[in-house]
Every structure is written in C-alpha cells, then in structure tokens.
Amino acid sequence: MKQFVVTPSAGKRLIAKALVAHPTVTKALKNGTLVIIAGTTNGYVAEEILKSLGVTDNFSRKRFFRGVTLPPILEVTSEGRLSDESKFPGDVVITKGKWRKGKTIVDVIDELKEGDVILKGANAVDLQRKQAAILIGHPKAGTIAVALQAVLGRRVQLIIPIGLEKRVTTDLFCLAEKVNRPDAEGIRLFPTPGEVFTEIEAVQLLTGATAELISAGGISGAEGSCWLAITGTQEQEKAAEKLVTSIALEPAFSL
C-alpha cells in the first residue's frame, strides 16, 4: 500500500487526466458529440481534452463556471453567481473531434443522441451510494435540467466529475427533501442520475490500482485535501505513485 495527499486542485487535474482516457468519452470525441458543461472541475477536464485534440490556446478555465462557492469576503450573489459574469466563455462542445466555439448545452441539446456524452459537475457526492447532487440557484433548475432532456429522453450518457472534498454522508434524496421544501430558504439541491467520477475512479482507470479515502483535511493550502491509500500490484502502485506525483503541485484554483 502507498499513501498520498491530494489537494482539491490536484484532484481536479487527476480527474481531468483520467477522463481523457475514459472509453465512453474517447468514443464520443471520435464519433459523436461531447458537451463539457462549465464548472471548476470541468475547466480542468476541458483543458486536458482540448490538449489531447491539439488545441492548446483560446481556452481559459478562469471563468469557466456559472455558479461558485467563495469565501464571504468575495463578492457573489446569494445564489453563488459572480456579480460580473461578462467573462463567462460558455460551455465546450466538441463534435467528431472539432471544438464548436461559442456553443452551449442549450444550443445543442436538441441534436444530442445515444452515443453522445455530457460532462456535468456537482456539489455533493455520496460515495457509498455512488450518487451526486447539484446545487440549484436558477429558477428553471439550470443546465442540469437542460441536460436531462437528452439524458432521460434520448439515452445520452451523463458523467459527473466531482472531487472527494464534496462528499456527504446522508442520502442525497433525504437532504433534497429538506432543503427543497416550500418554506425553506436558500439554494436548492438536485440529486441527479449519472456516472459519478471522483479521484478514486480516476486512479482505477489510469493505473488499475484501488484507491480508498482514509482521511482528509489540512492547513496552509491543504484545506479540503484527501489522504488516499492505494493498493495493487507492484507495477500498479508504481504507476499510481508516478501519476499522483505528476499532479501533486497543481496550484490552487484562482479567479
């Protein structure tokens, strides 16, 4: 067994590198459409996927999100939106390996079909039940409501990249029932179907080793970090060590 500390930003990079190699994603890139809905983790995913296609410029993840959680000192609306969204670049839509710049999930939702893939981040993950949920501030339930038209209506695959720092221990449907009550205040919670993809799945996909969350936390930039215990064959553990070392110094996300 080998043990590693993975910061939230390093975890985002790890997830992104693994999704480049995800069989469903690679198939959609070649033969169909991949939609990467804007989000902080998906910003790393978009970087890695566009880089794999030879696109190394004209994309920035700095404002590649719609809603975001920030410290109280920074200016956001009560529903998690920046007060100035003028630099929002839209989503990343790739059809048969070609980036369709300027398109969003709303623009292409009606053309998506079985074999296509949507990547949508989330805000809560139940590791035991393999479920994820999304915070909702939009009065029409935001981009997840749009995406589910294709996911449930036409069997488009939904993959949910989400970091381990967003884990919860209560059934997400029970939590949603509480926070979505008519007499409650604040943003809502939307448990959603889809393939949950964390750092644990990323390690498994890229190395064949098994990763397990054994502890968490830290200070001085390690807040939200996770301790992963990784087991496998000697070759798998060496591959995991090389992989985690390669992303260990990923700088913290900044606006």
# chains A, B, ... in the order shown; residues from 1 in each chain; ligands from 1
>>> closest_atom_pairs(of="range 90-134 of chain A", to="range 178-193 of chain A", cutoff="7 Å", atoms="only C-alpha atoms", output="tab-separated table")
residue	atom	partner	partner_atom	distance
A:Ala132	CA	A:Pro191	CA	5.8
A:Ala133	CA	A:Pro191	CA	3.9
A:Ile134	CA	A:Phe190	CA	5.0
>>> write_last_selection(atoms="N, CA and C atoms", output="mmCIF file, in the first residue's frame")
data_model
loop_
_atom_site.group_PDB
_atom_site.id
_atom_site.type_symbol
_atom_site.label_atom_id
_atom_site.label_comp_id
_atom_site.auth_asym_id
_atom_site.auth_seq_id
_atom_site.Cartn_x
_atom_site.Cartn_y
_atom_site.Cartn_z
ATOM 1 N N ALA A 132 -24.756 11.646 -6.794
ATOM 2 C CA ALA A 132 -24.302 13.033 -6.759
ATOM 3 C C ALA A 132 -25.505 13.961 -6.811
ATOM 4 N N ALA A 133 -25.319 15.176 -6.322
ATOM 5 C CA ALA A 133 -26.382 16.180 -6.356
ATOM 6 C C ALA A 133 -25.786 17.537 -6.690
ATOM 7 N N ILE A 134 -26.620 18.395 -7.257
ATOM 8 C CA ILE A 134 -26.193 19.694 -7.761
ATOM 9 C C ILE A 134 -26.957 20.797 -7.042
#
>>> select_by_dssp(residues="range 58-214 of chain A", states="alpha helix (DSSP H)", output="VMD selection string")
chain A and resid 105 to 108 142 to 154 172 to 179 199 to 207
>>> write_last_selection(atoms="N, CA and C atoms", output="compact mmCIF listing (two decimals), in the first residue's frame")
# COMPACT_ATOMS: atom_id res chain seq x y z
N ILE A 105 -24.65 24.14 -23.91
CA ILE A 105 -25.54 22.99 -23.84
C ILE A 105 -26.92 23.34 -24.38
N VAL A 106 -27.37 24.56 -24.17
CA VAL A 106 -28.69 24.98 -24.67
C VAL A 106 -28.74 24.96 -26.19
N ASP A 107 -27.63 25.35 -26.82
CA ASP A 107 -27.59 25.42 -28.28
C ASP A 107 -27.68 24.04 -28.94
N VAL A 108 -27.14 23.01 -28.28
CA VAL A 108 -27.01 21.71 -28.94
C VAL A 108 -27.88 20.62 -28.33
N GLY A 142 -31.44 25.38 -14.00
CA GLY A 142 -30.12 25.48 -14.60
C GLY A 142 -29.80 24.47 -15.68
N THR A 143 -28.50 24.26 -15.89
CA THR A 143 -28.05 23.42 -17.01
C THR A 143 -28.35 21.94 -16.81
N ILE A 144 -28.48 21.48 -15.57
CA ILE A 144 -28.80 20.08 -15.37
C ILE A 144 -30.20 19.77 -15.89
N ALA A 145 -31.13 20.69 -15.73
CA ALA A 145 -32.48 20.49 -16.24
C ALA A 145 -32.47 20.40 -17.76
N VAL A 146 -31.62 21.19 -18.38
CA VAL A 146 -31.47 21.13 -19.84
C VAL A 146 -30.84 19.81 -20.25
N ALA A 147 -29.77 19.42 -19.57
CA ALA A 147 -29.05 18.20 -19.93
C ALA A 147 -29.91 16.96 -19.81
N LEU A 148 -30.77 16.92 -18.80
CA LEU A 148 -31.58 15.72 -18.57
C LEU A 148 -32.60 15.48 -19.67
N GLN A 149 -32.90 16.49 -20.46
CA GLN A 149 -33.77 16.27 -21.61
C GLN A 149 -33.17 15.21 -22.54
N ALA A 150 -31.86 15.27 -22.73
CA ALA A 150 -31.18 14.31 -23.60
C ALA A 150 -30.82 13.04 -22.85
N VAL A 151 -30.44 13.18 -21.58
CA VAL A 151 -30.03 12.02 -20.79
C VAL A 151 -31.20 11.06 -20.59
N LEU A 152 -32.34 11.58 -20.16
CA LEU A 152 -33.50 10.75 -19.91
C LEU A 152 -34.35 10.54 -21.16
N GLY A 153 -34.34 11.51 -22.04
CA GLY A 153 -35.18 11.42 -23.23
C GLY A 153 -34.57 10.63 -24.37
N ARG A 154 -33.20 10.66 -24.48
CA ARG A 154 -32.57 10.03 -25.64
C ARG A 154 -31.36 9.18 -25.29
N LEU A 172 -28.77 11.63 -0.39
CA LEU A 172 -28.97 12.92 -1.05
C LEU A 172 -30.44 13.23 -1.30
N PHE A 173 -31.24 12.20 -1.49
CA PHE A 173 -32.67 12.44 -1.71
C PHE A 173 -33.33 12.93 -0.42
N CYS A 174 -32.84 12.44 0.72
CA CYS A 174 -33.35 12.92 2.00
C CYS A 174 -32.94 14.37 2.23
N LEU A 175 -31.68 14.70 1.89
CA LEU A 175 -31.24 16.08 2.02
C LEU A 175 -32.03 17.01 1.10
N ALA A 176 -32.27 16.55 -0.12
CA ALA A 176 -33.00 17.37 -1.07
C ALA A 176 -34.43 17.62 -0.60
N GLU A 177 -35.04 16.61 0.00
CA GLU A 177 -36.40 16.78 0.51
C GLU A 177 -36.46 17.89 1.56
N LYS A 178 -35.40 18.00 2.37
CA LYS A 178 -35.36 19.02 3.40
C LYS A 178 -35.14 20.41 2.83
N VAL A 179 -34.10 20.56 2.00
CA VAL A 179 -33.73 21.91 1.55
C VAL A 179 -34.64 22.43 0.44
N GLU A 199 -11.70 11.12 -7.78
CA GLU A 199 -10.29 10.74 -7.81
C GLU A 199 -10.11 9.22 -7.67
N ILE A 200 -11.02 8.59 -6.96
CA ILE A 200 -10.94 7.13 -6.78
C ILE A 200 -11.09 6.42 -8.12
N GLU A 201 -12.10 6.80 -8.90
CA GLU A 201 -12.29 6.21 -10.22
C GLU A 201 -11.16 6.59 -11.16
N ALA A 202 -10.61 7.80 -10.98
CA ALA A 202 -9.51 8.24 -11.84
C ALA A 202 -8.28 7.36 -11.66
N VAL A 203 -7.92 7.08 -10.40
CA VAL A 203 -6.76 6.21 -10.13
C VAL A 203 -7.00 4.82 -10.71
N GLN A 204 -8.19 4.29 -10.53
CA GLN A 204 -8.53 2.96 -11.04
C GLN A 204 -8.39 2.90 -12.56
N LEU A 205 -8.93 3.91 -13.23
CA LEU A 205 -8.92 3.92 -14.69
C LEU A 205 -7.51 4.03 -15.26
N LEU A 206 -6.68 4.89 -14.66
CA LEU A 206 -5.37 5.16 -15.22
C LEU A 206 -4.29 4.16 -14.82
N THR A 207 -4.48 3.49 -13.68
CA THR A 207 -3.41 2.60 -13.20
C THR A 207 -3.86 1.18 -12.91
>>> closest_residue(among="A:Pro72, A:Gly121, A:Gly11, A:Gly43", to="Val196 in chain A", atoms="only C-alpha atoms")
A:Gly121
>>> closest_residue(among="A:Lys96, A:Lys103, A:Arg129, A:Lys12", to="Gly32 in chain A", atoms="only C-alpha atoms")
A:Lys96
>>> closest_residue(among="A:Ser254, A:Asn31, A:Ser52, A:Thr170", to="Glu114 in chain A", atoms="only C-alpha atoms")
A:Asn31
>>> closest_residue(among="A:Ser215, A:Arg63, A:Val45, A:Thr56", to="Ile15 in chain A", atoms="only C-alpha atoms")
A:Val45
>>> atom_distance(atom1="CA of Ala211 in chain A", atom2="CA of Lys27 in chain A")
25.7 Å
>>> residues_around(residues="Phe59 in chain A", least_positions_apart="6", cutoff="10 Å", atoms="only C-alpha atoms", output="list of chain:residue names")
A:Gly43, A:Ala46, A:Glu47, A:Leu50, A:Pro89, A:Val92, A:Lys101
>>> closest_residue(among="A:Gly102, A:Gly67, A:Pro251, A:Gly217", to="Glu165 in chain A", atoms="only C-alpha atoms")
A:Gly217
>>> closest_residue(among="A:Ala124, A:Leu158, A:Ala252, A:Ala209", to="Thr231 in chain A", atoms="only C-alpha atoms")
A:Ala209
>>> residues_around(residues="Trp227 in chain A", least_positions_apart="2", cutoff="9 Å", atoms="only C-alpha atoms", output="CSV table (one decimal) with N, CA and C atoms, in the first residue's frame")
chain,number,residue,atom,x,y,z
A,3,GLN,N,0.4,5.7,0.3
A,3,GLN,CA,-0.5,6.7,0.7
A,3,GLN,C,-0.1,8.1,0.2
A,4,PHE,N,-1.1,8.8,-0.2
A,4,PHE,CA,-0.8,10.1,-0.8
A,4,PHE,C,-1.8,11.2,-0.4
A,5,VAL,N,-1.3,12.4,-0.3
A,5,VAL,CA,-2.2,13.6,0.0
A,5,VAL,C,-2.5,14.2,-1.4
A,6,VAL,N,-3.8,14.4,-1.6
A,6,VAL,CA,-4.3,15.0,-2.9
A,6,VAL,C,-5.1,16.2,-2.6
A,7,THR,N,-4.6,17.4,-3.0
A,7,THR,CA,-5.3,18.6,-2.7
A,7,THR,C,-6.5,18.7,-3.7
A,212,GLU,N,-8.6,4.3,-1.9
A,212,GLU,CA,-9.5,4.4,-0.8
A,212,GLU,C,-9.3,5.7,0.0
A,213,LEU,N,-10.3,6.4,0.3
A,213,LEU,CA,-10.3,7.6,1.2
A,213,LEU,C,-10.1,7.2,2.6
A,214,ILE,N,-9.0,7.6,3.2
A,214,ILE,CA,-8.7,7.2,4.6
A,214,ILE,C,-8.7,8.3,5.6
A,215,SER,N,-8.6,9.6,5.1
A,215,SER,CA,-8.5,10.7,6.0
A,215,SER,C,-8.6,12.0,5.1
A,216,ALA,N,-8.8,13.1,5.8
A,216,ALA,CA,-9.0,14.3,5.0
A,216,ALA,C,-8.6,15.6,5.8
A,217,GLY,N,-8.4,16.7,5.1
A,217,GLY,CA,-8.2,18.0,5.8
A,217,GLY,C,-6.7,18.4,5.7
A,225,SER,N,-8.0,18.7,1.5
A,225,SER,CA,-7.3,17.6,0.9
A,225,SER,C,-7.7,16.3,1.4
A,229,ALA,N,-5.3,5.9,0.2
A,229,ALA,CA,-4.5,4.7,0.3
A,229,ALA,C,-4.7,3.9,-1.0
>>> residues_around(residues="Glu237 in chain A", least_positions_apart="2", cutoff="10 Å", atoms="only C-alpha atoms", output="list in words")
Met1, Lys2, Gln3, Thr207, Gly208, Ala209, Thr210, Ile230, Thr231, Gly232, Thr233, Gln234, Glu235, Ala239, Ala240, Glu241, Lys242 and Leu243 of chain A
>>> write_last_selection(atoms="N, CA and C atoms", output="PDB file, in the first residue's frame")
ATOM      1  N   MET A   1       0.833  -1.200   0.000  1.00  0.00           N
ATOM      2  CA  MET A   1       0.000   0.000   0.000  1.00  0.00           C
ATOM      3  C   MET A   1       0.868   1.251   0.000  1.00  0.00           C
ATOM      4  N   LYS A   2       0.412   2.260  -0.763  1.00  0.00           N
ATOM      5  CA  LYS A   2       1.048   3.568  -0.751  1.00  0.00           C
ATOM      6  C   LYS A   2       0.000   4.610  -0.387  1.00  0.00           C
ATOM      7  N   GLN A   3       0.419   5.667   0.296  1.00  0.00           N
ATOM      8  CA  GLN A   3      -0.499   6.709   0.730  1.00  0.00           C
ATOM      9  C   GLN A   3      -0.059   8.058   0.173  1.00  0.00           C
ATOM     10  N   THR A 207      -4.482   3.487 -13.682  1.00  0.00           N
ATOM     11  CA  THR A 207      -3.409   2.603 -13.198  1.00  0.00           C
ATOM     12  C   THR A 207      -3.860   1.177 -12.910  1.00  0.00           C
ATOM     13  N   GLY A 208      -5.145   0.959 -12.732  1.00  0.00           N
ATOM     14  CA  GLY A 208      -5.637  -0.355 -12.340  1.00  0.00           C
ATOM     15  C   GLY A 208      -5.603  -0.579 -10.846  1.00  0.00           C
ATOM     16  N   ALA A 209      -5.001   0.338 -10.105  1.00  0.00           N
ATOM     17  CA  ALA A 209      -4.919   0.209  -8.647  1.00  0.00           C
ATOM     18  C   ALA A 209      -6.228   0.645  -7.998  1.00  0.00           C
ATOM     19  N   THR A 210      -6.395   0.247  -6.745  1.00  0.00           N
ATOM     20  CA  THR A 210      -7.578   0.607  -5.978  1.00  0.00           C
ATOM     21  C   THR A 210      -7.230   1.721  -4.993  1.00  0.00           C
ATOM     22  N   ILE A 230      -3.597   3.627  -1.640  1.00  0.00           N
ATOM     23  CA  ILE A 230      -3.667   2.988  -2.949  1.00  0.00           C
ATOM     24  C   ILE A 230      -3.008   1.622  -2.882  1.00  0.00           C
ATOM     25  N   THR A 231      -3.736   0.619  -3.317  1.00  0.00           N
ATOM     26  CA  THR A 231      -3.228  -0.754  -3.307  1.00  0.00           C
ATOM     27  C   THR A 231      -3.374  -1.379  -4.681  1.00  0.00           C
ATOM     28  N   GLY A 232      -2.465  -2.288  -4.976  1.00  0.00           N
ATOM     29  CA  GLY A 232      -2.499  -3.001  -6.244  1.00  0.00           C
ATOM     30  C   GLY A 232      -1.246  -3.823  -6.393  1.00  0.00           C
ATOM     31  N   THR A 233      -0.971  -4.239  -7.603  1.00  0.00           N
ATOM     32  CA  THR A 233       0.288  -4.926  -7.855  1.00  0.00           C
ATOM     33  C   THR A 233       1.434  -3.927  -7.720  1.00  0.00           C
ATOM     34  N   GLN A 234       2.640  -4.428  -7.680  1.00  0.00           N
ATOM     35  CA  GLN A 234       3.794  -3.532  -7.568  1.00  0.00           C
ATOM     36  C   GLN A 234       3.825  -2.547  -8.726  1.00  0.00           C
ATOM     37  N   GLU A 235       3.520  -3.041  -9.911  1.00  0.00           N
ATOM     38  CA  GLU A 235       3.522  -2.173 -11.094  1.00  0.00           C
ATOM     39  C   GLU A 235       2.410  -1.125 -11.004  1.00  0.00           C
ATOM     40  N   ALA A 239       2.829   2.917 -10.821  1.00  0.00           N
ATOM     41  CA  ALA A 239       2.140   3.787 -11.777  1.00  0.00           C
ATOM     42  C   ALA A 239       1.311   4.840 -11.052  1.00  0.00           C
ATOM     43  N   ALA A 240       0.668   4.432  -9.960  1.00  0.00           N
ATOM     44  CA  ALA A 240      -0.132   5.385  -9.180  1.00  0.00           C
ATOM     45  C   ALA A 240       0.757   6.439  -8.541  1.00  0.00           C
ATOM     46  N   GLU A 241       1.902   6.021  -8.027  1.00  0.00           N
ATOM     47  CA  GLU A 241       2.835   6.977  -7.422  1.00  0.00           C
ATOM     48  C   GLU A 241       3.312   7.989  -8.453  1.00  0.00           C
ATOM     49  N   LYS A 242       3.639   7.519  -9.633  1.00  0.00           N
ATOM     50  CA  LYS A 242       4.070   8.416 -10.711  1.00  0.00           C
ATOM     51  C   LYS A 242       2.951   9.369 -11.094  1.00  0.00           C
ATOM     52  N   LEU A 243       1.736   8.851 -11.164  1.00  0.00           N
ATOM     53  CA  LEU A 243       0.589   9.670 -11.536  1.00  0.00           C
ATOM     54  C   LEU A 243       0.320  10.760 -10.505  1.00  0.00           C
TER      55      LEU A 243
END
>>> atom_distance(atom1="CA of Asn42 in chain A", atom2="CA of Lys140 in chain A")
21.8 Å
>>> decode(residues="range 115-160 of chain A", atoms="N, CA and C atoms", output="tab-separated table (two decimals), in the first residue's frame")
chain	number	residue	atom	x	y	z
A	115	GLY	N	-25.03	7.72	-27.62
A	115	GLY	CA	-23.63	7.69	-28.03
A	115	GLY	C	-22.91	8.99	-27.72
A	116	ASP	N	-23.66	10.07	-27.56
A	116	ASP	CA	-23.08	11.34	-27.15
A	116	ASP	C	-22.92	11.35	-25.62
A	117	VAL	N	-22.11	12.28	-25.12
A	117	VAL	CA	-21.79	12.32	-23.70
A	117	VAL	C	-21.86	13.75	-23.20
A	118	ILE	N	-22.42	13.92	-22.01
A	118	ILE	CA	-22.42	15.20	-21.31
A	118	ILE	C	-21.62	15.05	-20.03
A	119	LEU	N	-20.70	15.98	-19.79
A	119	LEU	CA	-19.97	16.05	-18.53
A	119	LEU	C	-20.51	17.23	-17.74
A	120	LYS	N	-21.00	16.94	-16.55
A	120	LYS	CA	-21.59	17.99	-15.71
A	120	LYS	C	-21.11	17.80	-14.28
A	121	GLY	N	-20.48	18.80	-13.69
A	121	GLY	CA	-20.01	18.72	-12.32
A	121	GLY	C	-21.15	18.77	-11.32
A	122	ALA	N	-20.82	18.54	-10.05
A	122	ALA	CA	-21.83	18.53	-8.99
A	122	ALA	C	-21.25	19.12	-7.72
A	123	ASN	N	-22.07	19.22	-6.68
A	123	ASN	CA	-21.67	19.87	-5.44
A	123	ASN	C	-21.70	18.97	-4.22
A	124	ALA	N	-22.27	17.79	-4.37
A	124	ALA	CA	-22.31	16.83	-3.26
A	124	ALA	C	-22.22	15.43	-3.82
A	125	VAL	N	-21.47	14.57	-3.14
A	125	VAL	CA	-21.33	13.18	-3.58
A	125	VAL	C	-21.45	12.25	-2.38
A	126	ASP	N	-22.29	11.25	-2.53
A	126	ASP	CA	-22.43	10.18	-1.54
A	126	ASP	C	-21.63	9.00	-2.07
A	127	LEU	N	-20.45	8.76	-1.50
A	127	LEU	CA	-19.55	7.74	-2.01
A	127	LEU	C	-20.11	6.33	-1.83
A	128	GLN	N	-20.85	6.11	-0.77
A	128	GLN	CA	-21.39	4.79	-0.51
A	128	GLN	C	-22.45	4.40	-1.53
A	129	ARG	N	-23.32	5.34	-1.87
A	129	ARG	CA	-24.42	5.05	-2.79
A	129	ARG	C	-24.08	5.42	-4.23
A	130	LYS	N	-22.90	6.00	-4.46
A	130	LYS	CA	-22.49	6.44	-5.80
A	130	LYS	C	-23.51	7.40	-6.39
A	131	GLN	N	-23.91	8.38	-5.60
A	131	GLN	CA	-24.88	9.37	-6.04
A	131	GLN	C	-24.28	10.76	-5.94
A	132	ALA	N	-24.76	11.65	-6.79
A	132	ALA	CA	-24.30	13.03	-6.76
A	132	ALA	C	-25.50	13.96	-6.81
A	133	ALA	N	-25.32	15.18	-6.32
A	133	ALA	CA	-26.38	16.18	-6.36
A	133	ALA	C	-25.79	17.54	-6.69
A	134	ILE	N	-26.62	18.39	-7.26
A	134	ILE	CA	-26.19	19.69	-7.76
A	134	ILE	C	-26.96	20.80	-7.04
A	135	LEU	N	-26.25	21.83	-6.61
A	135	LEU	CA	-26.91	22.99	-6.03
A	135	LEU	C	-27.61	23.78	-7.13
A	136	ILE	N	-28.82	24.19	-6.88
A	136	ILE	CA	-29.63	24.87	-7.88
A	136	ILE	C	-29.97	26.27	-7.41
A	137	GLY	N	-29.58	27.27	-8.19
A	137	GLY	CA	-29.96	28.65	-7.92
A	137	GLY	C	-30.87	29.21	-8.99
A	138	HIS	N	-30.86	28.61	-10.17
A	138	HIS	CA	-31.63	29.10	-11.31
A	138	HIS	C	-33.11	28.74	-11.16
A	139	PRO	N	-34.02	29.64	-11.48
A	139	PRO	CA	-35.45	29.36	-11.32
A	139	PRO	C	-35.99	28.26	-12.24
A	140	LYS	N	-35.22	27.89	-13.26
A	140	LYS	CA	-35.61	26.76	-14.13
A	140	LYS	C	-34.66	25.58	-13.97
A	141	ALA	N	-33.94	25.54	-12.84
A	141	ALA	CA	-33.07	24.41	-12.46
A	141	ALA	C	-31.78	24.34	-13.26
A	142	GLY	N	-31.44	25.38	-14.00
A	142	GLY	CA	-30.12	25.48	-14.60
A	142	GLY	C	-29.80	24.47	-15.68
A	143	THR	N	-28.50	24.26	-15.89
A	143	THR	CA	-28.05	23.42	-17.01
A	143	THR	C	-28.35	21.94	-16.81
A	144	ILE	N	-28.48	21.48	-15.57
A	144	ILE	CA	-28.80	20.08	-15.37
A	144	ILE	C	-30.20	19.77	-15.89
A	145	ALA	N	-31.13	20.69	-15.73
A	145	ALA	CA	-32.48	20.49	-16.24
A	145	ALA	C	-32.47	20.40	-17.76
A	146	VAL	N	-31.62	21.19	-18.38
A	146	VAL	CA	-31.47	21.13	-19.84
A	146	VAL	C	-30.84	19.81	-20.25
A	147	ALA	N	-29.77	19.42	-19.57
A	147	ALA	CA	-29.05	18.20	-19.93
A	147	ALA	C	-29.91	16.96	-19.81
A	148	LEU	N	-30.77	16.92	-18.80
A	148	LEU	CA	-31.58	15.72	-18.57
A	148	LEU	C	-32.60	15.48	-19.67
A	149	GLN	N	-32.90	16.49	-20.46
A	149	GLN	CA	-33.77	16.27	-21.61
A	149	GLN	C	-33.17	15.21	-22.54
A	150	ALA	N	-31.86	15.27	-22.73
A	150	ALA	CA	-31.18	14.31	-23.60
A	150	ALA	C	-30.82	13.04	-22.85
A	151	VAL	N	-30.44	13.18	-21.58
A	151	VAL	CA	-30.03	12.02	-20.79
A	151	VAL	C	-31.20	11.06	-20.59
A	152	LEU	N	-32.34	11.58	-20.16
A	152	LEU	CA	-33.50	10.75	-19.91
A	152	LEU	C	-34.35	10.54	-21.16
A	153	GLY	N	-34.34	11.51	-22.04
A	153	GLY	CA	-35.18	11.42	-23.23
A	153	GLY	C	-34.57	10.63	-24.37
A	154	ARG	N	-33.20	10.66	-24.48
A	154	ARG	CA	-32.57	10.03	-25.64
A	154	ARG	C	-31.36	9.18	-25.29
A	155	ARG	N	-31.19	8.83	-24.02
A	155	ARG	CA	-30.13	7.94	-23.56
A	155	ARG	C	-28.71	8.48	-23.82
A	156	VAL	N	-28.57	9.79	-23.78
A	156	VAL	CA	-27.24	10.39	-23.80
A	156	VAL	C	-26.59	10.12	-22.44
A	157	GLN	N	-25.31	9.76	-22.44
A	157	GLN	CA	-24.65	9.42	-21.18
A	157	GLN	C	-24.23	10.67	-20.42
A	158	LEU	N	-24.52	10.67	-19.11
A	158	LEU	CA	-24.11	11.76	-18.23
A	158	LEU	C	-23.01	11.25	-17.30
A	159	ILE	N	-21.86	11.90	-17.34
A	159	ILE	CA	-20.76	11.60	-16.43
A	159	ILE	C	-20.58	12.81	-15.51
A	160	ILE	N	-20.41	12.54	-14.21
A	160	ILE	CA	-20.35	13.60	-13.22
A	160	ILE	C	-18.97	13.64	-12.57
